[in-house]
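Engineer: Please find start04.csv (CSV, C-alpha atoms and all ligand atoms) on the next line:
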chain,number,residue,atom,x,y,z
A,1,MET,CA,-15.6,-1.5,4.8
A,2,ILE,CA,-12.7,-3.9,4.4
A,3,LYS,CA,-10.8,-3.6,1.2
A,4,ILE,CA,-8.2,-6.1,-0.1
A,5,ALA,CA,-5.1,-5.0,-2.0
A,6,PRO,CA,-3.2,-7.8,-3.7
A,7,SER,CA,0.4,-6.8,-4.1
A,8,ILE,CA,1.8,-7.9,-7.5
A,9,LEU,CA,5.3,-8.0,-6.0
A,10,SER,CA,4.6,-11.7,-5.4
A,11,ALA,CA,3.1,-12.3,-8.9
A,12,ASP,CA,4.9,-14.0,-11.8
A,13,PHE,CA,6.1,-10.9,-13.8
A,14,SER,CA,6.5,-13.0,-17.0
A,15,LYS,CA,2.7,-13.3,-17.2
A,16,LEU,CA,1.6,-10.2,-15.4
A,17,ARG,CA,-1.7,-9.8,-17.2
A,18,GLU,CA,-2.9,-13.3,-16.4
A,19,GLU,CA,-1.8,-12.9,-12.8
A,20,ILE,CA,-3.7,-9.6,-12.4
A,21,ASP,CA,-6.8,-11.2,-13.9
A,22,THR,CA,-6.8,-13.8,-11.1
A,23,VAL,CA,-7.1,-11.1,-8.4
A,24,SER,CA,-9.8,-9.0,-10.0
A,25,SER,CA,-12.3,-9.8,-7.2
A,26,ALA,CA,-10.2,-7.5,-4.9
A,27,GLU,CA,-11.0,-3.8,-4.7
A,28,TYR,CA,-7.5,-2.5,-5.0
A,29,LEU,CA,-4.3,-3.5,-6.9
A,30,HIS,CA,-1.2,-2.7,-4.8
A,31,LEU,CA,1.8,-1.6,-6.9
A,32,ASP,CA,5.1,-1.6,-5.0
A,33,VAL,CA,7.6,0.8,-6.6
A,34,MET,CA,11.1,0.4,-5.3
A,35,ASP,CA,14.1,2.5,-6.3
A,36,GLY,CA,17.1,0.5,-5.0
A,37,SER,CA,17.9,3.4,-2.6
A,38,PHE,CA,15.1,3.9,-0.2
A,39,VAL,CA,14.9,0.1,-0.2
A,40,PRO,CA,17.6,-2.2,-1.6
A,41,GLU,CA,15.6,-3.7,-4.5
A,42,ILE,CA,14.3,-2.2,-7.8
A,43,THR,CA,10.9,-3.2,-9.1
A,44,PHE,CA,9.1,-1.2,-11.8
A,45,GLY,CA,8.1,2.3,-12.7
A,46,ALA,CA,5.3,4.3,-14.2
A,47,GLY,CA,5.7,2.6,-17.7
A,48,VAL,CA,4.6,-0.8,-16.3
A,49,VAL,CA,1.7,0.8,-14.4
A,50,LYS,CA,0.6,2.5,-17.6
A,51,SER,CA,0.6,-0.8,-19.5
A,52,ILE,CA,-1.4,-2.7,-16.9
A,53,ARG,CA,-3.9,0.2,-16.5
A,54,LYS,CA,-5.2,-0.8,-20.0
A,55,PHE,CA,-6.7,-4.1,-18.7
A,56,SER,CA,-7.5,-3.6,-15.0
A,57,ARG,CA,-10.4,-1.7,-13.6
A,58,GLN,CA,-9.3,-2.0,-10.0
A,59,ILE,CA,-8.3,0.9,-7.9
A,60,PHE,CA,-4.5,1.4,-8.5
A,61,ASP,CA,-2.8,1.8,-5.1
A,62,VAL,CA,0.7,2.9,-5.8
A,63,HIS,CA,3.1,2.4,-2.9
A,64,LEU,CA,6.2,4.6,-3.5
A,65,MET,CA,9.2,3.2,-1.7
A,66,VAL,CA,11.5,5.8,-3.3
A,67,GLU,CA,13.7,8.7,-2.3
A,68,HIS,CA,12.4,12.1,-3.6
A,69,PRO,CA,8.8,10.9,-4.1
A,70,GLU,CA,7.9,14.4,-5.3
A,71,THR,CA,9.7,13.8,-8.6
A,72,GLN,CA,7.5,10.8,-9.4
A,73,ILE,CA,4.0,12.1,-8.9
A,74,ASP,CA,3.3,13.4,-12.4
A,75,SER,CA,4.4,10.2,-14.0
A,76,PHE,CA,2.3,7.9,-11.9
A,77,VAL,CA,-0.7,10.2,-12.2
A,78,ALA,CA,-0.3,10.1,-16.0
A,79,ALA,CA,0.0,6.3,-15.8
A,80,GLY,CA,-3.3,6.0,-14.1
A,81,ALA,CA,-2.7,5.8,-10.3
A,82,ASP,CA,-5.9,6.4,-8.2
A,83,LEU,CA,-4.0,6.7,-4.9
A,84,ILE,CA,-0.4,7.4,-4.3
A,85,THR,CA,1.2,6.7,-0.9
A,86,PHE,CA,4.7,8.0,-0.1
A,87,HIS,CA,6.9,7.3,2.9
A,88,ILE,CA,7.2,10.1,5.5
A,89,GLU,CA,10.8,9.1,5.9
A,90,ALA,CA,11.5,9.9,2.3
A,91,THR,CA,10.5,13.6,2.1
A,92,LYS,CA,11.1,16.9,3.9
A,93,HIS,CA,7.9,18.5,2.6
A,94,ALA,CA,5.1,16.1,3.2
A,95,HIS,CA,2.4,18.7,3.2
A,96,ARG,CA,3.5,20.2,-0.1
A,97,LEU,CA,3.6,16.6,-1.5
A,98,ILE,CA,0.0,15.9,-0.4
A,99,GLN,CA,-1.1,19.1,-2.0
A,100,LYS,CA,0.6,18.1,-5.2
A,101,ILE,CA,-1.0,14.7,-5.3
A,102,HIS,CA,-4.5,16.2,-4.6
A,103,ALA,CA,-4.0,18.8,-7.3
A,104,SER,CA,-4.0,15.9,-9.7
A,105,LYS,CA,-7.4,14.9,-8.4
A,106,ILE,CA,-6.3,11.6,-6.9
A,107,LYS,CA,-6.0,10.3,-3.3
A,108,ALA,CA,-2.9,10.8,-1.1
A,109,GLY,CA,-1.5,8.4,1.5
A,110,VAL,CA,1.4,8.5,3.8
A,111,ALA,CA,3.3,5.4,4.9
A,112,LEU,CA,5.3,4.8,8.1
A,113,ASN,CA,8.1,2.2,8.6
A,114,PRO,CA,7.8,0.0,11.7
A,115,ALA,CA,10.4,2.2,13.6
A,116,THR,CA,8.7,5.5,12.7
A,117,PRO,CA,6.5,6.9,15.5
A,118,LEU,CA,2.9,8.1,14.7
A,119,VAL,CA,3.9,11.6,15.9
A,120,MET,CA,5.7,12.0,12.6
A,121,VAL,CA,2.4,12.2,10.7
A,122,GLU,CA,0.3,13.9,13.4
A,123,GLU,CA,0.2,17.3,11.8
A,124,ILE,CA,-0.9,15.9,8.4
A,125,LEU,CA,-3.6,13.5,9.5
A,126,GLY,CA,-6.3,16.0,8.5
A,127,ASP,CA,-4.8,16.2,5.0
A,128,VAL,CA,-4.4,12.6,3.9
A,129,ASP,CA,-6.9,10.1,2.6
A,130,GLN,CA,-5.0,7.1,4.0
A,131,VAL,CA,-2.3,6.1,6.4
A,132,LEU,CA,-0.2,3.0,5.6
A,133,ILE,CA,1.3,1.2,8.6
A,134,MET,CA,4.1,-1.0,7.5
A,135,THR,CA,3.9,-4.3,9.4
A,136,VAL,CA,7.3,-5.4,8.0
A,137,ASN,CA,10.3,-3.4,7.1
A,138,PRO,CA,9.7,-2.4,3.4
A,139,GLY,CA,11.7,-4.0,0.6
A,140,TYR,CA,10.6,-7.6,0.2
A,141,GLY,CA,7.6,-9.9,0.1
A,142,GLY,CA,7.1,-12.9,2.3
A,143,GLN,CA,8.4,-11.4,5.6
A,144,LYS,CA,7.1,-12.1,9.0
A,145,PHE,CA,4.4,-9.7,10.5
A,146,ILE,CA,5.8,-7.4,13.3
A,147,ASP,CA,3.3,-7.7,16.2
A,148,SER,CA,4.3,-4.4,17.8
A,149,GLN,CA,2.6,-2.5,15.0
A,150,LEU,CA,-0.8,-3.6,16.3
A,151,ASP,CA,-0.7,-1.1,19.1
A,152,LYS,CA,0.3,1.6,16.6
A,153,ILE,CA,-2.7,0.8,14.4
A,154,HIS,CA,-4.9,0.9,17.5
A,155,ARG,CA,-3.6,4.3,18.6
A,156,LEU,CA,-4.0,5.7,15.1
A,157,ARG,CA,-7.6,4.5,14.8
A,158,GLU,CA,-8.5,6.4,17.9
A,159,LYS,CA,-7.8,9.7,16.1
A,160,PHE,CA,-8.0,8.9,12.4
A,161,HIS,CA,-11.3,8.2,10.7
A,162,CYS,CA,-10.2,7.6,7.1
A,163,ASP,CA,-8.6,4.5,5.6
A,164,ILE,CA,-5.8,2.7,7.6
A,165,GLU,CA,-3.9,0.3,5.3
A,166,VAL,CA,-1.5,-2.4,6.5
A,167,ASP,CA,1.2,-3.9,4.5
A,168,GLY,CA,3.5,-6.9,5.2
A,169,GLY,CA,3.0,-10.4,6.5
A,170,ILE,CA,-0.8,-10.2,6.1
A,171,ASN,CA,-2.5,-13.7,6.0
A,172,PRO,CA,-5.8,-15.0,7.3
A,173,GLU,CA,-4.5,-15.1,10.9
A,174,THR,CA,-2.8,-11.6,11.0
A,175,SER,CA,-5.7,-10.2,9.0
A,176,LYS,CA,-8.0,-10.8,12.0
A,177,LEU,CA,-5.6,-9.0,14.4
A,178,VAL,CA,-5.1,-5.9,12.2
A,179,LYS,CA,-8.9,-5.6,11.6
A,180,GLU,CA,-9.5,-5.8,15.4
A,181,SER,CA,-7.0,-3.0,15.8
A,182,GLY,CA,-8.7,-0.8,13.3
A,183,ALA,CA,-7.1,-1.4,9.9
A,184,ASN,CA,-9.5,-1.6,6.9
A,185,VAL,CA,-7.3,-1.8,3.8
A,186,LEU,CA,-5.3,-5.0,3.8
A,187,VAL,CA,-2.3,-5.5,1.4
A,188,ALA,CA,-1.3,-9.1,0.8
A,189,GLY,CA,1.3,-10.4,-1.6
A,190,SER,CA,2.5,-13.9,-0.9
A,191,ALA,CA,-0.7,-15.0,0.9
A,192,ILE,CA,-2.6,-14.4,-2.3
A,193,PHE,CA,-0.1,-15.0,-5.1
A,194,ASN,CA,1.4,-18.2,-3.6
A,195,ALA,CA,-2.1,-19.7,-3.4
A,196,LYS,CA,-3.5,-21.8,-6.3
A,197,ASP,CA,-7.0,-20.4,-5.9
A,198,ARG,CA,-6.6,-16.6,-5.7
A,199,SER,CA,-10.3,-15.8,-5.2
A,200,LYS,CA,-10.4,-18.1,-2.3
A,201,ALA,CA,-7.2,-16.6,-0.9
A,202,ILE,CA,-8.6,-13.1,-1.2
A,203,GLN,CA,-11.7,-14.3,0.7
A,204,SER,CA,-9.6,-15.9,3.4
A,205,VAL,CA,-7.6,-12.7,3.9
A,206,ARG,CA,-10.8,-10.7,4.0
A,207,GLY,CA,-12.3,-12.9,6.7
A,208,ASN,CA,-15.9,-12.4,7.7
B,1,LIG,C1,7.0,-4.8,1.0
B,1,LIG,C2,5.8,-4.4,0.1
B,1,LIG,C3,4.6,-5.2,0.3
B,1,LIG,C4,4.8,-6.7,-0.1
B,1,LIG,C5,4.0,-7.5,0.9
B,1,LIG,O1,7.9,-3.9,1.1
B,1,LIG,O2,5.5,-3.1,0.4
B,1,LIG,O3,3.5,-4.7,-0.4
B,1,LIG,O4,4.4,-7.1,-1.4
B,1,LIG,O5,4.3,-8.8,0.8
B,1,LIG,P1,3.7,-9.9,1.8
B,1,LIG,O6,2.2,-9.8,1.8
B,1,LIG,O7,4.2,-11.2,1.2
B,1,LIG,O8,4.3,-9.7,3.1
B,2,ZN,ZN,3.5,-2.3,-0.4
Would you write the structure of this file as structure tokens?
Structural biologist:
Amino acid sequence: MIKIAPSILSADFSKLREEIDTVSSAEYLHLDVMDGSFVPEITFGAGVVKSIRKFSRQIFDVHLMVEHPETQIDSFVAAGADLITFHIEATKHAHRLIQKIHASKIKAGVALNPATPLVMVEEILGDVDQVLIMTVNPGYGGQKFIDSQLDKIHRLREKFHCDIEVDGGINPETSKLVKESGANVLVAGSAIFNAKDRSKAIQSVRGN
């Protein structure tokens, strides 16, 4: 099943509630947490997630682009995350971190930057609920899709039967390519929030 995850990074933060209401037809809400160290920018933390949890029933898909992700799990669980994805490049103890996330009764995902090979997560594929393949270098919305990641998605699908999420440069055209390669959770920021009709944009990214 294809699931769409609008990324609020491209939303107007001055009216976040209204913005989130416009994307309620999507299964997930993608929450990009940046710390100014793992990636250059800073976005928001668990406090903001807790506030928006009160009015959204979507699955909260927290994408931690932070160093030392292990220090953030408890706060985001308490804030209402349903799924926490950390970067393999940001931790030395991925297996322990997955156990910590699962101990909180929520789902765990692992993300890979475009330059990170699949072999980095090979030993934990049986432990995670989702693998996130970055199709841009993390840090900003509105970047161009990196085509070379399609082959990575394809190779991962051959051995991984849970959710494969893709993030970065997803629009109605690239959506088709990533789905053909085996991805089933599609993050889209600018393609959805830059559109006037968000429900229509969600449908276009979903495709048929
Ligand atoms: C990038 C973030 C993405 C971002 C995607 O580092 O992880 O979730 O919002 O934005 P688009 O869809 O505009 O490439
Ligand atoms: Zn993201």
Engineer: Produce as a list in words the set of residues near ligand ZN 2 (chain B), where near means within 6 Å with only C-alpha atoms and all ligand atoms considered.
Structural biologist: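 Based on only C-alpha atoms and all ligand atoms, ligand ZN 2 (chain B) is surrounded within 6 Å by Asp32, His63 and Asp167 of chain A.
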Engineer: Need the shell around Leu9 (chain A): protein/DNA/RNA residues with any atom at most 9 Å away, counting all atoms listed in the file. Skip same-chain ones fewer than 5 positions apart. Format as a list of chain:residue names?
Structural biologist: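 Answer for this query is A:His30, A:Leu31, A:Asp32, A:Thr43, A:Tyr140, A:Gly141, A:Gly189, A:Ser190, A:Phe193.
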Engineer: If we count only C-alpha atoms, what is near Asp12 (chain A) at a cut-off of 12 Å, once residues fewer than 4 positions away on the same chain are taken out, given as a VMD selection string?
Structural biologist: chain A and resid 7 to 8 16 to 20 22 189 to 190 193 to 194
Engineer: Take the residues just selected and output them with C-alpha atoms as a short mmCIF file (atom, residue, chain, number, x, y, z; two decimals), in the frame of the given file.
Structural biologist:
data_model
loop_
_atom_site.label_atom_id
_atom_site.label_comp_id
_atom_site.auth_asym_id
_atom_site.auth_seq_id
_atom_site.Cartn_x
_atom_site.Cartn_y
_atom_site.Cartn_z
CA SER A 7 0.40 -6.80 -4.10
CA ILE A 8 1.80 -7.90 -7.50
CA LEU A 16 1.60 -10.20 -15.40
CA ARG A 17 -1.70 -9.80 -17.20
CA GLU A 18 -2.90 -13.30 -16.40
CA GLU A 19 -1.80 -12.90 -12.80
CA ILE A 20 -3.70 -9.60 -12.40
CA THR A 22 -6.80 -13.80 -11.10
CA GLY A 189 1.30 -10.40 -1.60
CA SER A 190 2.50 -13.90 -0.90
CA PHE A 193 -0.10 -15.00 -5.10
CA ASN A 194 1.40 -18.20 -3.60
#
Engineer: Counting only C-alpha atoms and all ligand atoms, name the residues that have an atom within 10 Å of an atom of ligand LIG 1 (chain B); the answer should be given as JSON, numbers by chain.
Structural biologist: {"A": [5, 6, 7, 8, 9, 10, 11, 30, 31, 32, 33, 34, 39, 41, 62, 63, 64, 65, 111, 113, 132, 134, 135, 136, 137, 138, 139, 140, 141, 142, 143, 144, 145, 166, 167, 168, 169, 170, 171, 186, 187, 188, 189, 190, 191, 192, 193, 194]}
Engineer: Per residue of region 141-176 of chain A within 12 Å of region 81-103 of chain A, record the nearest atom pair and its distance in Å to one decimal, counting all atoms listed in the file, with rows in chain order and ascending residue number, as JSON lines.
Structural biologist:
{"residue": "A:Asp163", "atom": "CA", "partner": "A:Leu83", "partner_atom": "CA", "distance": 11.7}
{"residue": "A:Ile164", "atom": "CA", "partner": "A:Thr85", "partner_atom": "CA", "distance": 11.7}
{"residue": "A:Glu165", "atom": "CA", "partner": "A:Thr85", "partner_atom": "CA", "distance": 10.3}
{"residue": "A:Asp167", "atom": "CA", "partner": "A:Thr85", "partner_atom": "CA", "distance": 11.9}
Engineer: May I have the residues from that selection written out with C-alpha atoms, as a PDB file, in the frame of the given file?
Structural biologist:
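Generated output (selection.pdb):
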ATOM      1  CA  ASP A 163      -8.600   4.500   5.600  1.00  0.00           C
ATOM      2  CA  ILE A 164      -5.800   2.700   7.600  1.00  0.00           C
ATOM      3  CA  GLU A 165      -3.900   0.300   5.300  1.00  0.00           C
ATOM      4  CA  ASP A 167       1.200  -3.900   4.500  1.00  0.00           C
TER       5      ASP A 167
END
Engineer: Could you list, as a PDB file with C-alpha atoms, in the frame of the given file, every residue within 12 Å of Arg57 (chain A), counting only C-alpha atoms and ignoring same-chain residues fewer than 2 positions away?
Structural biologist:
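File part.pdb, as written:
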ATOM      1  CA  ILE A  20      -3.700  -9.600 -12.400  1.00  0.00           C
ATOM      2  CA  ASP A  21      -6.800 -11.200 -13.900  1.00  0.00           C
ATOM      3  CA  VAL A  23      -7.100 -11.100  -8.400  1.00  0.00           C
ATOM      4  CA  SER A  24      -9.800  -9.000 -10.000  1.00  0.00           C
ATOM      5  CA  SER A  25     -12.300  -9.800  -7.200  1.00  0.00           C
ATOM      6  CA  ALA A  26     -10.200  -7.500  -4.900  1.00  0.00           C
ATOM      7  CA  GLU A  27     -11.000  -3.800  -4.700  1.00  0.00           C
ATOM      8  CA  TYR A  28      -7.500  -2.500  -5.000  1.00  0.00           C
ATOM      9  CA  LEU A  29      -4.300  -3.500  -6.900  1.00  0.00           C
ATOM     10  CA  ILE A  52      -1.400  -2.700 -16.900  1.00  0.00           C
ATOM     11  CA  ARG A  53      -3.900   0.200 -16.500  1.00  0.00           C
ATOM     12  CA  LYS A  54      -5.200  -0.800 -20.000  1.00  0.00           C
ATOM     13  CA  PHE A  55      -6.700  -4.100 -18.700  1.00  0.00           C
ATOM     14  CA  ILE A  59      -8.300   0.900  -7.900  1.00  0.00           C
ATOM     15  CA  PHE A  60      -4.500   1.400  -8.500  1.00  0.00           C
ATOM     16  CA  ASP A  61      -2.800   1.800  -5.100  1.00  0.00           C
ATOM     17  CA  GLY A  80      -3.300   6.000 -14.100  1.00  0.00           C
ATOM     18  CA  ALA A  81      -2.700   5.800 -10.300  1.00  0.00           C
ATOM     19  CA  ASP A  82      -5.900   6.400  -8.200  1.00  0.00           C
TER      20      ASP A  82
END
Engineer: Which value, in Å to one decimal, gives the distance between CA of Leu112 (chain A) and CA of Ile202 (chain A)?
Structural biologist: 24.5 Å
Engineer: As an exercise, work out the distance from CA of Val110 (chain A) to CA of Asp127 (chain A) in Å and give it to one decimal place.
Structural biologist: 10.0 Å
Engineer: Select, from A:Asp74, A:Glu122, A:Glu67, A:Asp35, the residue with the minimum atom-to-atom distance to Lys159 (chain A), counting only C-alpha atoms.
Structural biologist: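 Distance minimum relative to Lys159 (chain A) lands on A:Glu122.
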Engineer: Between CA of Gly36 (chain A) and CA of Phe76 (chain A), measure the distance and give it in Å to one decimal.
Structural biologist: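 So the answer is 17.9 Å.
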Engineer: Counting only C-alpha atoms, what is within 10 Å of Pro172 (chain A), bar same-chain residues fewer than 5 positions away, as a list of chain:residue names?
Structural biologist: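 Close residues of Pro172 (chain A): A:Leu177, A:Ala188, A:Ala191, A:Ala201, A:Ile202, A:Gln203, A:Ser204, A:Val205, A:Arg206, A:Gly207.
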Engineer: Check the smallest atom-to-atom distance from each of A:Lys3, A:Lys176, A:Arg157, A:Ile146 to Gln58 (chain A) using all atoms listed in the file, then report the winner.
Structural biologist: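 Selected residue with least distance to Gln58 (chain A): A:Lys3.
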Engineer: Give me, as a PyMOL selection string, all polymer residues having an atom no more than 9 Å from Lys152 (chain A), counting all atoms listed in the file and skipping those fewer than 3 positions away in the same chain.
Structural biologist: chain A and resi 117-118+133+148-149+155-157+181
